[in-house]
file run01.txt (compact mmCIF, N, CA and C atoms)
# COMPACT_ATOMS: atom_id res chain seq x y z
N MET A 3 8.04 -13.06 -43.59
CA MET A 3 8.52 -13.39 -44.94
C MET A 3 10.02 -13.66 -44.84
N PRO A 4 10.49 -14.80 -45.33
CA PRO A 4 11.92 -15.10 -45.30
C PRO A 4 12.70 -14.09 -46.16
N PRO A 5 13.92 -13.75 -45.78
CA PRO A 5 14.67 -12.72 -46.50
C PRO A 5 14.99 -13.07 -47.94
N PHE A 6 14.98 -14.35 -48.31
CA PHE A 6 15.34 -14.72 -49.68
C PHE A 6 14.14 -15.18 -50.50
N SER A 7 12.96 -14.79 -50.08
CA SER A 7 11.76 -15.16 -50.80
C SER A 7 11.71 -14.48 -52.16
N ASN A 8 11.10 -15.14 -53.12
CA ASN A 8 10.91 -14.55 -54.45
C ASN A 8 9.54 -13.92 -54.60
N GLU A 9 8.76 -13.86 -53.52
CA GLU A 9 7.43 -13.28 -53.59
C GLU A 9 7.26 -12.23 -52.51
N ALA A 10 6.70 -11.10 -52.88
CA ALA A 10 6.35 -10.07 -51.92
C ALA A 10 4.92 -10.32 -51.47
N LEU A 11 4.60 -9.94 -50.25
CA LEU A 11 3.23 -10.09 -49.77
C LEU A 11 2.27 -9.35 -50.68
N SER A 12 2.69 -8.18 -51.16
CA SER A 12 1.85 -7.36 -52.04
C SER A 12 1.86 -7.86 -53.48
N GLY A 13 2.81 -8.74 -53.80
CA GLY A 13 2.95 -9.18 -55.18
C GLY A 13 3.73 -8.19 -56.04
N ARG A 14 4.20 -7.09 -55.44
CA ARG A 14 4.88 -6.03 -56.20
C ARG A 14 6.29 -6.47 -56.61
N LYS A 15 6.62 -6.16 -57.86
CA LYS A 15 7.94 -6.46 -58.41
C LYS A 15 8.51 -5.18 -59.00
N ILE A 16 9.79 -4.96 -58.74
CA ILE A 16 10.52 -3.79 -59.25
C ILE A 16 11.71 -4.30 -60.04
N VAL A 17 12.03 -3.61 -61.12
CA VAL A 17 13.25 -3.93 -61.86
C VAL A 17 14.23 -2.78 -61.73
N GLY A 18 15.49 -3.14 -61.78
CA GLY A 18 16.57 -2.15 -61.84
C GLY A 18 17.49 -2.56 -62.97
N VAL A 19 17.96 -1.57 -63.72
CA VAL A 19 18.86 -1.85 -64.84
C VAL A 19 20.13 -1.03 -64.65
N CYS A 20 21.23 -1.72 -64.50
CA CYS A 20 22.52 -1.05 -64.38
C CYS A 20 23.18 -1.06 -65.75
N THR A 21 23.30 0.13 -66.34
CA THR A 21 23.96 0.26 -67.63
C THR A 21 25.46 0.41 -67.39
N SER A 22 26.25 -0.35 -68.13
CA SER A 22 27.70 -0.28 -67.95
C SER A 22 28.42 -0.18 -69.28
N ILE A 23 29.56 0.46 -69.22
CA ILE A 23 30.48 0.54 -70.35
C ILE A 23 31.89 0.46 -69.77
N ASN A 24 32.63 -0.52 -70.21
CA ASN A 24 33.96 -0.78 -69.66
C ASN A 24 33.87 -0.89 -68.15
N GLU A 25 34.54 -0.04 -67.41
CA GLU A 25 34.55 -0.12 -65.94
C GLU A 25 33.60 0.88 -65.29
N GLU A 26 32.70 1.50 -66.06
CA GLU A 26 31.82 2.52 -65.51
C GLU A 26 30.36 2.08 -65.54
N ILE A 27 29.58 2.63 -64.61
CA ILE A 27 28.14 2.38 -64.58
C ILE A 27 27.41 3.72 -64.62
N LEU A 28 26.21 3.69 -65.16
CA LEU A 28 25.39 4.89 -65.28
C LEU A 28 24.47 5.02 -64.08
N LEU A 29 24.49 6.21 -63.46
CA LEU A 29 23.55 6.53 -62.39
C LEU A 29 22.71 7.72 -62.82
N LEU A 30 21.45 7.70 -62.41
CA LEU A 30 20.52 8.79 -62.69
C LEU A 30 20.11 9.42 -61.36
N LYS A 31 20.01 10.75 -61.34
CA LYS A 31 19.56 11.44 -60.13
C LYS A 31 18.07 11.69 -60.24
N ARG A 32 17.34 11.21 -59.24
CA ARG A 32 15.88 11.33 -59.24
C ARG A 32 15.47 12.77 -58.97
N ASN A 33 14.44 13.19 -59.66
CA ASN A 33 13.91 14.54 -59.51
C ASN A 33 13.43 14.75 -58.08
N GLU A 34 13.42 15.98 -57.62
CA GLU A 34 12.97 16.27 -56.26
C GLU A 34 11.51 16.69 -56.20
N LEU A 35 10.76 16.42 -57.25
CA LEU A 35 9.33 16.71 -57.26
C LEU A 35 8.62 15.84 -56.22
N GLU A 36 7.55 16.34 -55.67
CA GLU A 36 6.81 15.64 -54.63
C GLU A 36 6.27 14.29 -55.11
N CYS A 37 5.95 14.19 -56.39
CA CYS A 37 5.35 12.95 -56.91
C CYS A 37 6.38 11.86 -57.21
N VAL A 38 7.66 12.17 -57.12
CA VAL A 38 8.72 11.20 -57.44
C VAL A 38 9.15 10.47 -56.17
N LYS A 39 9.19 9.14 -56.24
CA LYS A 39 9.66 8.34 -55.11
C LYS A 39 11.18 8.53 -54.97
N PHE A 40 11.66 8.55 -53.76
CA PHE A 40 13.07 8.73 -53.44
C PHE A 40 13.66 9.98 -54.09
N PRO A 41 13.05 11.14 -53.84
CA PRO A 41 13.51 12.38 -54.47
C PRO A 41 14.96 12.70 -54.14
N GLY A 42 15.71 13.10 -55.18
CA GLY A 42 17.10 13.49 -55.01
C GLY A 42 18.09 12.35 -54.91
N TYR A 43 17.60 11.11 -54.89
CA TYR A 43 18.50 9.95 -54.78
C TYR A 43 19.14 9.63 -56.12
N TRP A 44 20.36 9.10 -56.06
CA TRP A 44 21.03 8.54 -57.23
C TRP A 44 20.64 7.07 -57.32
N SER A 45 20.41 6.59 -58.54
CA SER A 45 19.99 5.21 -58.72
C SER A 45 20.28 4.75 -60.15
N VAL A 46 20.13 3.47 -60.36
CA VAL A 46 20.10 2.94 -61.71
C VAL A 46 18.67 3.12 -62.22
N VAL A 47 18.42 2.81 -63.46
CA VAL A 47 17.05 2.82 -63.99
C VAL A 47 16.21 1.87 -63.15
N THR A 48 15.05 2.32 -62.69
CA THR A 48 14.16 1.45 -61.90
C THR A 48 12.71 1.68 -62.30
N GLY A 49 11.89 0.69 -62.00
CA GLY A 49 10.46 0.84 -62.26
C GLY A 49 9.69 -0.41 -61.91
N ASP A 50 8.39 -0.28 -61.87
CA ASP A 50 7.50 -1.39 -61.55
C ASP A 50 7.33 -2.33 -62.74
N VAL A 51 7.18 -3.60 -62.42
CA VAL A 51 6.76 -4.59 -63.41
C VAL A 51 5.25 -4.46 -63.51
N GLU A 52 4.74 -4.20 -64.69
CA GLU A 52 3.30 -4.01 -64.88
C GLU A 52 2.59 -5.36 -65.00
N ALA A 53 1.30 -5.36 -64.77
CA ALA A 53 0.49 -6.59 -64.85
C ALA A 53 0.68 -7.26 -66.20
N GLY A 54 0.94 -8.56 -66.19
CA GLY A 54 1.11 -9.32 -67.41
C GLY A 54 2.47 -9.18 -68.06
N GLU A 55 3.37 -8.46 -67.43
CA GLU A 55 4.69 -8.19 -68.01
C GLU A 55 5.75 -9.02 -67.26
N SER A 56 6.72 -9.52 -67.97
CA SER A 56 7.82 -10.22 -67.31
C SER A 56 8.83 -9.19 -66.79
N PRO A 57 9.63 -9.56 -65.80
CA PRO A 57 10.66 -8.63 -65.35
C PRO A 57 11.62 -8.22 -66.48
N PHE A 58 11.97 -9.15 -67.37
CA PHE A 58 12.86 -8.81 -68.49
C PHE A 58 12.24 -7.72 -69.37
N HIS A 59 10.96 -7.89 -69.72
CA HIS A 59 10.32 -6.88 -70.57
C HIS A 59 10.15 -5.55 -69.84
N ALA A 60 9.89 -5.61 -68.52
CA ALA A 60 9.80 -4.38 -67.74
C ALA A 60 11.15 -3.67 -67.71
N ALA A 61 12.23 -4.43 -67.57
CA ALA A 61 13.57 -3.83 -67.56
C ALA A 61 13.86 -3.14 -68.89
N SER A 62 13.53 -3.80 -69.98
CA SER A 62 13.74 -3.23 -71.31
C SER A 62 12.90 -1.96 -71.50
N ARG A 63 11.63 -2.02 -71.09
CA ARG A 63 10.74 -0.87 -71.22
C ARG A 63 11.21 0.31 -70.37
N GLU A 64 11.53 0.04 -69.10
CA GLU A 64 11.98 1.11 -68.21
C GLU A 64 13.28 1.74 -68.71
N LEU A 65 14.18 0.93 -69.22
CA LEU A 65 15.43 1.45 -69.75
C LEU A 65 15.16 2.43 -70.87
N PHE A 66 14.26 2.10 -71.77
CA PHE A 66 13.94 3.00 -72.88
C PHE A 66 13.21 4.24 -72.38
N GLU A 67 12.23 4.07 -71.48
CA GLU A 67 11.47 5.21 -70.98
C GLU A 67 12.35 6.23 -70.26
N GLU A 68 13.33 5.74 -69.49
CA GLU A 68 14.13 6.64 -68.67
C GLU A 68 15.40 7.14 -69.33
N THR A 69 15.88 6.48 -70.39
CA THR A 69 17.15 6.88 -71.01
C THR A 69 17.09 6.96 -72.54
N GLU A 70 16.07 6.36 -73.13
CA GLU A 70 15.94 6.17 -74.57
C GLU A 70 17.00 5.21 -75.13
N PHE A 71 17.60 4.39 -74.26
CA PHE A 71 18.51 3.34 -74.71
C PHE A 71 17.66 2.15 -75.15
N GLU A 72 17.98 1.61 -76.31
CA GLU A 72 17.31 0.40 -76.78
C GLU A 72 18.14 -0.81 -76.38
N THR A 73 17.47 -1.92 -76.21
CA THR A 73 18.17 -3.11 -75.75
C THR A 73 17.63 -4.35 -76.45
N ASN A 74 18.30 -5.45 -76.23
CA ASN A 74 17.88 -6.74 -76.76
C ASN A 74 18.41 -7.83 -75.84
N SER A 75 18.18 -9.07 -76.22
CA SER A 75 18.55 -10.16 -75.32
C SER A 75 20.06 -10.36 -75.17
N TRP A 76 20.87 -9.84 -76.08
CA TRP A 76 22.31 -10.04 -75.92
C TRP A 76 22.97 -8.96 -75.07
N ASN A 77 22.36 -7.79 -74.87
CA ASN A 77 23.01 -6.78 -74.04
C ASN A 77 22.24 -6.44 -72.77
N LEU A 78 21.21 -7.22 -72.45
CA LEU A 78 20.46 -7.06 -71.20
C LEU A 78 20.41 -8.42 -70.52
N LYS A 79 21.08 -8.53 -69.39
CA LYS A 79 21.21 -9.82 -68.71
C LYS A 79 20.71 -9.73 -67.28
N TYR A 80 19.94 -10.73 -66.87
CA TYR A 80 19.48 -10.85 -65.49
C TYR A 80 20.68 -11.17 -64.61
N LEU A 81 20.76 -10.51 -63.43
CA LEU A 81 21.85 -10.77 -62.50
C LEU A 81 21.39 -11.44 -61.21
N TYR A 82 20.35 -10.87 -60.58
CA TYR A 82 20.04 -11.27 -59.21
C TYR A 82 18.71 -10.65 -58.81
N ASN A 83 18.03 -11.27 -57.84
CA ASN A 83 16.86 -10.62 -57.26
C ASN A 83 16.87 -10.80 -55.75
N TRP A 84 16.20 -9.89 -55.05
CA TRP A 84 16.10 -9.96 -53.60
C TRP A 84 14.76 -9.38 -53.15
N TYR A 85 14.34 -9.84 -51.98
CA TYR A 85 13.12 -9.32 -51.36
C TYR A 85 13.50 -8.16 -50.46
N ASP A 86 12.85 -7.02 -50.62
CA ASP A 86 13.10 -5.85 -49.79
C ASP A 86 11.93 -5.71 -48.82
N ASP A 87 12.16 -6.12 -47.57
CA ASP A 87 11.07 -6.10 -46.60
C ASP A 87 10.73 -4.70 -46.11
N ARG A 88 11.55 -3.71 -46.38
CA ARG A 88 11.22 -2.33 -46.00
C ARG A 88 10.02 -1.81 -46.78
N PHE A 89 9.91 -2.24 -48.04
CA PHE A 89 8.86 -1.73 -48.92
C PHE A 89 7.99 -2.85 -49.51
N ASP A 90 8.25 -4.09 -49.12
CA ASP A 90 7.50 -5.25 -49.58
C ASP A 90 7.45 -5.36 -51.09
N PHE A 91 8.63 -5.52 -51.70
CA PHE A 91 8.70 -5.84 -53.12
C PHE A 91 9.90 -6.72 -53.39
N VAL A 92 9.86 -7.40 -54.52
CA VAL A 92 11.00 -8.15 -55.01
C VAL A 92 11.67 -7.29 -56.07
N PHE A 93 12.97 -7.10 -55.93
CA PHE A 93 13.76 -6.27 -56.84
C PHE A 93 14.58 -7.18 -57.75
N TYR A 94 14.40 -7.02 -59.07
CA TYR A 94 15.13 -7.80 -60.07
C TYR A 94 16.19 -6.89 -60.69
N LEU A 95 17.45 -7.28 -60.56
CA LEU A 95 18.55 -6.47 -61.08
C LEU A 95 19.05 -7.05 -62.40
N TYR A 96 19.15 -6.17 -63.40
CA TYR A 96 19.66 -6.52 -64.73
C TYR A 96 20.87 -5.67 -65.05
N LYS A 97 21.71 -6.19 -65.93
CA LYS A 97 22.87 -5.43 -66.42
C LYS A 97 22.69 -5.19 -67.91
N HIS A 98 22.81 -3.93 -68.30
CA HIS A 98 22.73 -3.52 -69.70
C HIS A 98 24.12 -3.07 -70.11
N THR A 99 24.69 -3.70 -71.13
CA THR A 99 26.05 -3.41 -71.55
C THR A 99 26.04 -2.59 -72.83
N LEU A 100 26.75 -1.47 -72.78
CA LEU A 100 26.90 -0.61 -73.96
C LEU A 100 28.18 -0.98 -74.70
N SER A 101 28.19 -0.85 -76.01
CA SER A 101 29.41 -1.09 -76.78
C SER A 101 30.21 0.21 -76.93
N GLU A 102 29.54 1.35 -76.75
CA GLU A 102 30.22 2.65 -76.74
C GLU A 102 29.48 3.56 -75.78
N LYS A 103 30.21 4.51 -75.22
CA LYS A 103 29.61 5.41 -74.22
C LYS A 103 28.71 6.41 -74.92
N ILE A 104 27.45 6.41 -74.54
CA ILE A 104 26.49 7.37 -75.09
C ILE A 104 25.77 8.05 -73.93
N ASN A 105 25.31 9.26 -74.18
CA ASN A 105 24.61 10.01 -73.16
C ASN A 105 23.11 9.68 -73.22
N PRO A 106 22.52 9.42 -72.07
CA PRO A 106 21.09 9.12 -72.06
C PRO A 106 20.26 10.38 -72.29
N VAL A 107 19.08 10.20 -72.81
CA VAL A 107 18.08 11.27 -72.86
C VAL A 107 17.17 10.99 -71.67
N ILE A 108 17.39 11.71 -70.58
CA ILE A 108 16.68 11.40 -69.34
C ILE A 108 15.26 11.96 -69.36
N ASP A 109 14.38 11.25 -68.67
CA ASP A 109 12.97 11.64 -68.59
C ASP A 109 12.75 12.66 -67.47
N LEU A 110 11.50 13.05 -67.25
CA LEU A 110 11.17 14.05 -66.23
C LEU A 110 11.34 13.53 -64.80
N GLU A 111 11.46 12.22 -64.65
CA GLU A 111 11.67 11.62 -63.34
C GLU A 111 13.08 11.91 -62.81
N HIS A 112 13.96 12.36 -63.70
CA HIS A 112 15.37 12.55 -63.35
C HIS A 112 15.85 13.95 -63.73
N THR A 113 16.91 14.41 -63.05
CA THR A 113 17.45 15.73 -63.33
C THR A 113 18.90 15.70 -63.80
N ASP A 114 19.58 14.59 -63.60
CA ASP A 114 21.00 14.53 -63.95
C ASP A 114 21.40 13.06 -64.12
N TYR A 115 22.57 12.87 -64.67
CA TYR A 115 23.14 11.53 -64.79
C TYR A 115 24.65 11.64 -64.74
N LYS A 116 25.29 10.53 -64.45
CA LYS A 116 26.75 10.47 -64.52
C LYS A 116 27.19 9.01 -64.62
N TYR A 117 28.31 8.84 -65.27
CA TYR A 117 28.97 7.54 -65.31
C TYR A 117 30.04 7.55 -64.22
N ILE A 118 30.07 6.50 -63.41
CA ILE A 118 31.07 6.41 -62.36
C ILE A 118 31.73 5.03 -62.39
N LYS A 119 32.89 4.94 -61.80
CA LYS A 119 33.54 3.64 -61.62
C LYS A 119 32.91 2.95 -60.41
N LYS A 120 32.85 1.62 -60.46
CA LYS A 120 32.23 0.85 -59.38
C LYS A 120 32.83 1.20 -58.02
N ASN A 121 34.14 1.44 -57.97
CA ASN A 121 34.77 1.74 -56.69
C ASN A 121 34.42 3.13 -56.17
N GLU A 122 33.68 3.93 -56.94
CA GLU A 122 33.23 5.24 -56.49
C GLU A 122 31.83 5.20 -55.87
N LEU A 123 31.20 4.04 -55.86
CA LEU A 123 29.83 3.92 -55.34
C LEU A 123 29.72 4.41 -53.90
N ASP A 124 30.73 4.16 -53.08
CA ASP A 124 30.66 4.57 -51.68
C ASP A 124 30.57 6.08 -51.51
N SER A 125 31.04 6.82 -52.51
CA SER A 125 31.02 8.29 -52.41
C SER A 125 29.69 8.88 -52.89
N ILE A 126 28.80 8.06 -53.44
CA ILE A 126 27.54 8.56 -53.98
C ILE A 126 26.50 8.66 -52.87
N SER A 127 25.92 9.83 -52.73
CA SER A 127 24.91 10.05 -51.71
C SER A 127 23.95 11.14 -52.19
N PRO A 128 22.68 11.04 -51.87
CA PRO A 128 22.05 9.88 -51.24
C PRO A 128 21.80 8.76 -52.24
N MET A 129 21.90 7.54 -51.75
CA MET A 129 21.63 6.35 -52.56
C MET A 129 21.18 5.25 -51.61
N ASP A 130 20.22 4.43 -52.05
CA ASP A 130 19.72 3.34 -51.22
C ASP A 130 20.87 2.38 -50.91
N LEU A 131 21.07 2.07 -49.63
CA LEU A 131 22.21 1.26 -49.21
C LEU A 131 22.13 -0.19 -49.68
N ILE A 132 20.91 -0.75 -49.72
CA ILE A 132 20.78 -2.14 -50.20
C ILE A 132 21.10 -2.21 -51.69
N LEU A 133 20.60 -1.25 -52.47
CA LEU A 133 20.93 -1.22 -53.90
C LEU A 133 22.43 -1.05 -54.08
N LYS A 134 23.03 -0.15 -53.33
CA LYS A 134 24.47 0.09 -53.44
C LYS A 134 25.26 -1.18 -53.15
N LYS A 135 24.89 -1.89 -52.08
CA LYS A 135 25.57 -3.13 -51.71
C LYS A 135 25.45 -4.17 -52.83
N ASN A 136 24.26 -4.31 -53.39
CA ASN A 136 24.07 -5.31 -54.45
C ASN A 136 24.75 -4.91 -55.75
N LEU A 137 24.81 -3.64 -56.06
CA LEU A 137 25.57 -3.21 -57.24
C LEU A 137 27.05 -3.57 -57.06
N LYS A 138 27.57 -3.30 -55.89
CA LYS A 138 28.98 -3.60 -55.64
C LYS A 138 29.25 -5.10 -55.74
N SER A 139 28.29 -5.92 -55.35
CA SER A 139 28.46 -7.37 -55.37
C SER A 139 28.29 -7.99 -56.74
N PHE A 140 27.39 -7.45 -57.56
CA PHE A 140 27.01 -8.16 -58.78
C PHE A 140 27.40 -7.48 -60.08
N ILE A 141 27.87 -6.25 -60.04
CA ILE A 141 28.25 -5.56 -61.28
C ILE A 141 29.76 -5.65 -61.47
call {"tool": "encode", "arguments": {"input": "run01.txt", "output": "structure tokens"}}
result
Amino acid sequence: MPPFSNEALSGRKIVGVCTSINEEILLLKRNELECVKFPGYWSVVTGDVEAGESPFHAASRELFEETEFETNSWNLKYLYNWYDDRFDFVFYLYKHTLSEKINPVIDLEHTDYKYIKKNELDSISPMDLILKKNLKSFI
């Protein structure tokens, strides 16, 4: 599979939503439960695109499920997508812009959250390196 393909062999699509306010971005810490993928990792809101759902609608749904933030077409913008050959999925990255800083109501998939400046991303661990690189490039 070419590295810039828009299709995964499995057909799996994942969305990520980076919430930002001024110069800060929101990260969520994944729960360390056995059933949670990437336990203990810091990440943006992420989730699968469900059958019959567009990546935009999946991003909006996941954002609400994981933070209770509501969104619309003016504050949720598509940024970039890439094929991740480690896990065979296409990852769609969106940016969600807040007009004021609010605290998320996190779901059971997460245990903590924090707002950080983009230049602090290198100090965040554990975090997926490909996601970190793309956040630094596109946010």
call {"tool": "residues_around", "arguments": {"input": "run01.txt", "residues": "Tyr94 in chain A", "least_positions_apart": "4", "cutoff": "7 Å", "atoms": "all atoms listed in the file", "output": "VMD selection string"}}
result
chain A and resid 15 to 19 57 81 to 84
call {"tool": "closest_residue", "arguments": {"input": "run01.txt", "among": "A:Glu102, A:Lys120, A:Asp90, A:Tyr115", "to": "Lys135 in chain A", "atoms": "only C-alpha atoms"}}
result
A:Lys120
call {"tool": "atom_distance", "arguments": {"input": "run01.txt", "atom1": "CA of Gly13 in chain A", "atom2": "atom N of Ala60 in chain A"}}
result
15.5 Å
call {"tool": "residues_around", "arguments": {"input": "run01.txt", "residues": "Glu122 in chain A", "least_positions_apart": "2", "cutoff": "12 Å", "atoms": "only C-alpha atoms", "output": "list in words"}}
result
Glu25, Glu26, Ile27, Leu28, Leu29, Lys116, Tyr117, Ile118, Lys119, Lys120, Asp124, Ser125, Ile126, Ser127, Lys134, Leu137 and Lys138 of chain A
call {"tool": "write_last_selection", "arguments": {"input": "run01.txt", "atoms": "N, CA and C atoms", "output": "tab-separated table (two decimals), in the frame of the given file"}}
result
chain	number	residue	atom	x	y	z
A	25	GLU	N	34.54	-0.04	-67.41
A	25	GLU	CA	34.55	-0.12	-65.94
A	25	GLU	C	33.60	0.88	-65.29
A	26	GLU	N	32.70	1.50	-66.06
A	26	GLU	CA	31.82	2.52	-65.51
A	26	GLU	C	30.36	2.08	-65.54
A	27	ILE	N	29.58	2.63	-64.61
A	27	ILE	CA	28.14	2.38	-64.58
A	27	ILE	C	27.41	3.72	-64.62
A	28	LEU	N	26.21	3.69	-65.16
A	28	LEU	CA	25.39	4.89	-65.28
A	28	LEU	C	24.47	5.02	-64.08
A	29	LEU	N	24.49	6.21	-63.46
A	29	LEU	CA	23.55	6.53	-62.39
A	29	LEU	C	22.71	7.72	-62.82
A	116	LYS	N	25.29	10.53	-64.45
A	116	LYS	CA	26.75	10.47	-64.52
A	116	LYS	C	27.19	9.01	-64.62
A	117	TYR	N	28.31	8.84	-65.27
A	117	TYR	CA	28.97	7.54	-65.31
A	117	TYR	C	30.04	7.55	-64.22
A	118	ILE	N	30.07	6.50	-63.41
A	118	ILE	CA	31.07	6.41	-62.36
A	118	ILE	C	31.73	5.03	-62.39
A	119	LYS	N	32.89	4.94	-61.80
A	119	LYS	CA	33.54	3.64	-61.62
A	119	LYS	C	32.91	2.95	-60.41
A	120	LYS	N	32.85	1.62	-60.46
A	120	LYS	CA	32.23	0.85	-59.38
A	120	LYS	C	32.83	1.20	-58.02
A	124	ASP	N	30.73	4.16	-53.08
A	124	ASP	CA	30.66	4.57	-51.68
A	124	ASP	C	30.57	6.08	-51.51
A	125	SER	N	31.04	6.82	-52.51
A	125	SER	CA	31.02	8.29	-52.41
A	125	SER	C	29.69	8.88	-52.89
A	126	ILE	N	28.80	8.06	-53.44
A	126	ILE	CA	27.54	8.56	-53.98
A	126	ILE	C	26.50	8.66	-52.87
A	127	SER	N	25.92	9.83	-52.73
A	127	SER	CA	24.91	10.05	-51.71
A	127	SER	C	23.95	11.14	-52.19
A	134	LYS	N	23.03	-0.15	-53.33
A	134	LYS	CA	24.47	0.09	-53.44
A	134	LYS	C	25.26	-1.18	-53.15
A	137	LEU	N	24.81	-3.64	-56.06
A	137	LEU	CA	25.57	-3.21	-57.24
A	137	LEU	C	27.05	-3.57	-57.06
A	138	LYS	N	27.57	-3.30	-55.89
A	138	LYS	CA	28.98	-3.60	-55.64
A	138	LYS	C	29.25	-5.10	-55.74
call {"tool": "closest_residue", "arguments": {"input": "run01.txt", "among": "A:Ile108, A:Val46, A:Ile141, A:Ile23", "to": "Tyr80 in chain A", "atoms": "only C-alpha atoms"}}
result
A:Ile141
call {"tool": "atom_distance", "arguments": {"input": "run01.txt", "atom1": "CA of Glu64 in chain A", "atom2": "CA of Thr48 in chain A"}}
result
6.7 Å
call {"tool": "atom_distance", "arguments": {"input": "run01.txt", "atom1": "atom C of Gly42 in chain A", "atom2": "CA of Met129 in chain A"}}
result
7.4 Å
call {"tool": "select_by_dssp", "arguments": {"input": "run01.txt", "residues": "range 12-100 of chain A", "states": "strand (DSSP E)", "output": "PyMOL selection string"}}
result
chain A and resi 15-23+26-32+44-45+47-50+78-86+91-99
call {"tool": "closest_residue", "arguments": {"input": "run01.txt", "among": "A:Lys79, A:Leu65, A:Leu131, A:Val47", "to": "Thr99 in chain A", "atoms": "only N, CA and C atoms"}}
result
A:Lys79
call {"tool": "closest_residue", "arguments": {"input": "run01.txt", "among": "A:Asn77, A:Ile132, A:Ser139, A:His112", "to": "Glu34 in chain A", "atoms": "only C-alpha atoms"}}
result
A:His112
call {"tool": "select_by_dssp", "arguments": {"input": "run01.txt", "residues": "chain A", "states": "helix (DSSP H, G or I)", "output": "list in words"}}
result
Pro57, Phe58, His59, Ala60, Ala61, Ser62, Arg63, Glu64, Leu65, Phe66, Glu67, Glu68, Thr69, Lys120, Asn121, Glu122, Leu123, Asp124, Ser125, Leu131, Ile132, Leu133, Lys134, Lys135, Asn136, Leu137, Lys138, Ser139 and Phe140 of chain A
call {"tool": "write_last_selection", "arguments": {"input": "run01.txt", "atoms": "N, CA and C atoms", "output": "compact mmCIF listing (two decimals), in the frame of the given file"}}
result
# COMPACT_ATOMS: atom_id res chain seq x y z
N PRO A 57 9.63 -9.56 -65.80
CA PRO A 57 10.66 -8.63 -65.35
C PRO A 57 11.62 -8.22 -66.48
N PHE A 58 11.97 -9.15 -67.37
CA PHE A 58 12.86 -8.81 -68.49
C PHE A 58 12.24 -7.72 -69.37
N HIS A 59 10.96 -7.89 -69.72
CA HIS A 59 10.32 -6.88 -70.57
C HIS A 59 10.15 -5.55 -69.84
N ALA A 60 9.89 -5.61 -68.52
CA ALA A 60 9.80 -4.38 -67.74
C ALA A 60 11.15 -3.67 -67.71
N ALA A 61 12.23 -4.43 -67.57
CA ALA A 61 13.57 -3.83 -67.56
C ALA A 61 13.86 -3.14 -68.89
N SER A 62 13.53 -3.80 -69.98
CA SER A 62 13.74 -3.23 -71.31
C SER A 62 12.90 -1.96 -71.50
N ARG A 63 11.63 -2.02 -71.09
CA ARG A 63 10.74 -0.87 -71.22
C ARG A 63 11.21 0.31 -70.37
N GLU A 64 11.53 0.04 -69.10
CA GLU A 64 11.98 1.11 -68.21
C GLU A 64 13.28 1.74 -68.71
N LEU A 65 14.18 0.93 -69.22
CA LEU A 65 15.43 1.45 -69.75
C LEU A 65 15.16 2.43 -70.87
N PHE A 66 14.26 2.10 -71.77
CA PHE A 66 13.94 3.00 -72.88
C PHE A 66 13.21 4.24 -72.38
N GLU A 67 12.23 4.07 -71.48
CA GLU A 67 11.47 5.21 -70.98
C GLU A 67 12.35 6.23 -70.26
N GLU A 68 13.33 5.74 -69.49
CA GLU A 68 14.13 6.64 -68.67
C GLU A 68 15.40 7.14 -69.33
N THR A 69 15.88 6.48 -70.39
CA THR A 69 17.15 6.88 -71.01
C THR A 69 17.09 6.96 -72.54
N LYS A 120 32.85 1.62 -60.46
CA LYS A 120 32.23 0.85 -59.38
C LYS A 120 32.83 1.20 -58.02
N ASN A 121 34.14 1.44 -57.97
CA ASN A 121 34.77 1.74 -56.69
C ASN A 121 34.42 3.13 -56.17
N GLU A 122 33.68 3.93 -56.94
CA GLU A 122 33.23 5.24 -56.49
C GLU A 122 31.83 5.20 -55.87
N LEU A 123 31.20 4.04 -55.86
CA LEU A 123 29.83 3.92 -55.34
C LEU A 123 29.72 4.41 -53.90
N ASP A 124 30.73 4.16 -53.08
CA ASP A 124 30.66 4.57 -51.68
C ASP A 124 30.57 6.08 -51.51
N SER A 125 31.04 6.82 -52.51
CA SER A 125 31.02 8.29 -52.41
C SER A 125 29.69 8.88 -52.89
N LEU A 131 21.07 2.07 -49.63
CA LEU A 131 22.21 1.26 -49.21
C LEU A 131 22.13 -0.19 -49.68
N ILE A 132 20.91 -0.75 -49.72
CA ILE A 132 20.78 -2.14 -50.20
C ILE A 132 21.10 -2.21 -51.69
N LEU A 133 20.60 -1.25 -52.47
CA LEU A 133 20.93 -1.22 -53.90
C LEU A 133 22.43 -1.05 -54.08
N LYS A 134 23.03 -0.15 -53.33
CA LYS A 134 24.47 0.09 -53.44
C LYS A 134 25.26 -1.18 -53.15
N LYS A 135 24.89 -1.89 -52.08
CA LYS A 135 25.57 -3.13 -51.71
C LYS A 135 25.45 -4.17 -52.83
N ASN A 136 24.26 -4.31 -53.39
CA ASN A 136 24.07 -5.31 -54.45
C ASN A 136 24.75 -4.91 -55.75
N LEU A 137 24.81 -3.64 -56.06
CA LEU A 137 25.57 -3.21 -57.24
C LEU A 137 27.05 -3.57 -57.06
N LYS A 138 27.57 -3.30 -55.89
CA LYS A 138 28.98 -3.60 -55.64
C LYS A 138 29.25 -5.10 -55.74
N SER A 139 28.29 -5.92 -55.35
CA SER A 139 28.46 -7.37 -55.37
C SER A 139 28.29 -7.99 -56.74
N PHE A 140 27.39 -7.45 -57.56
CA PHE A 140 27.01 -8.16 -58.78
C PHE A 140 27.40 -7.48 -60.08
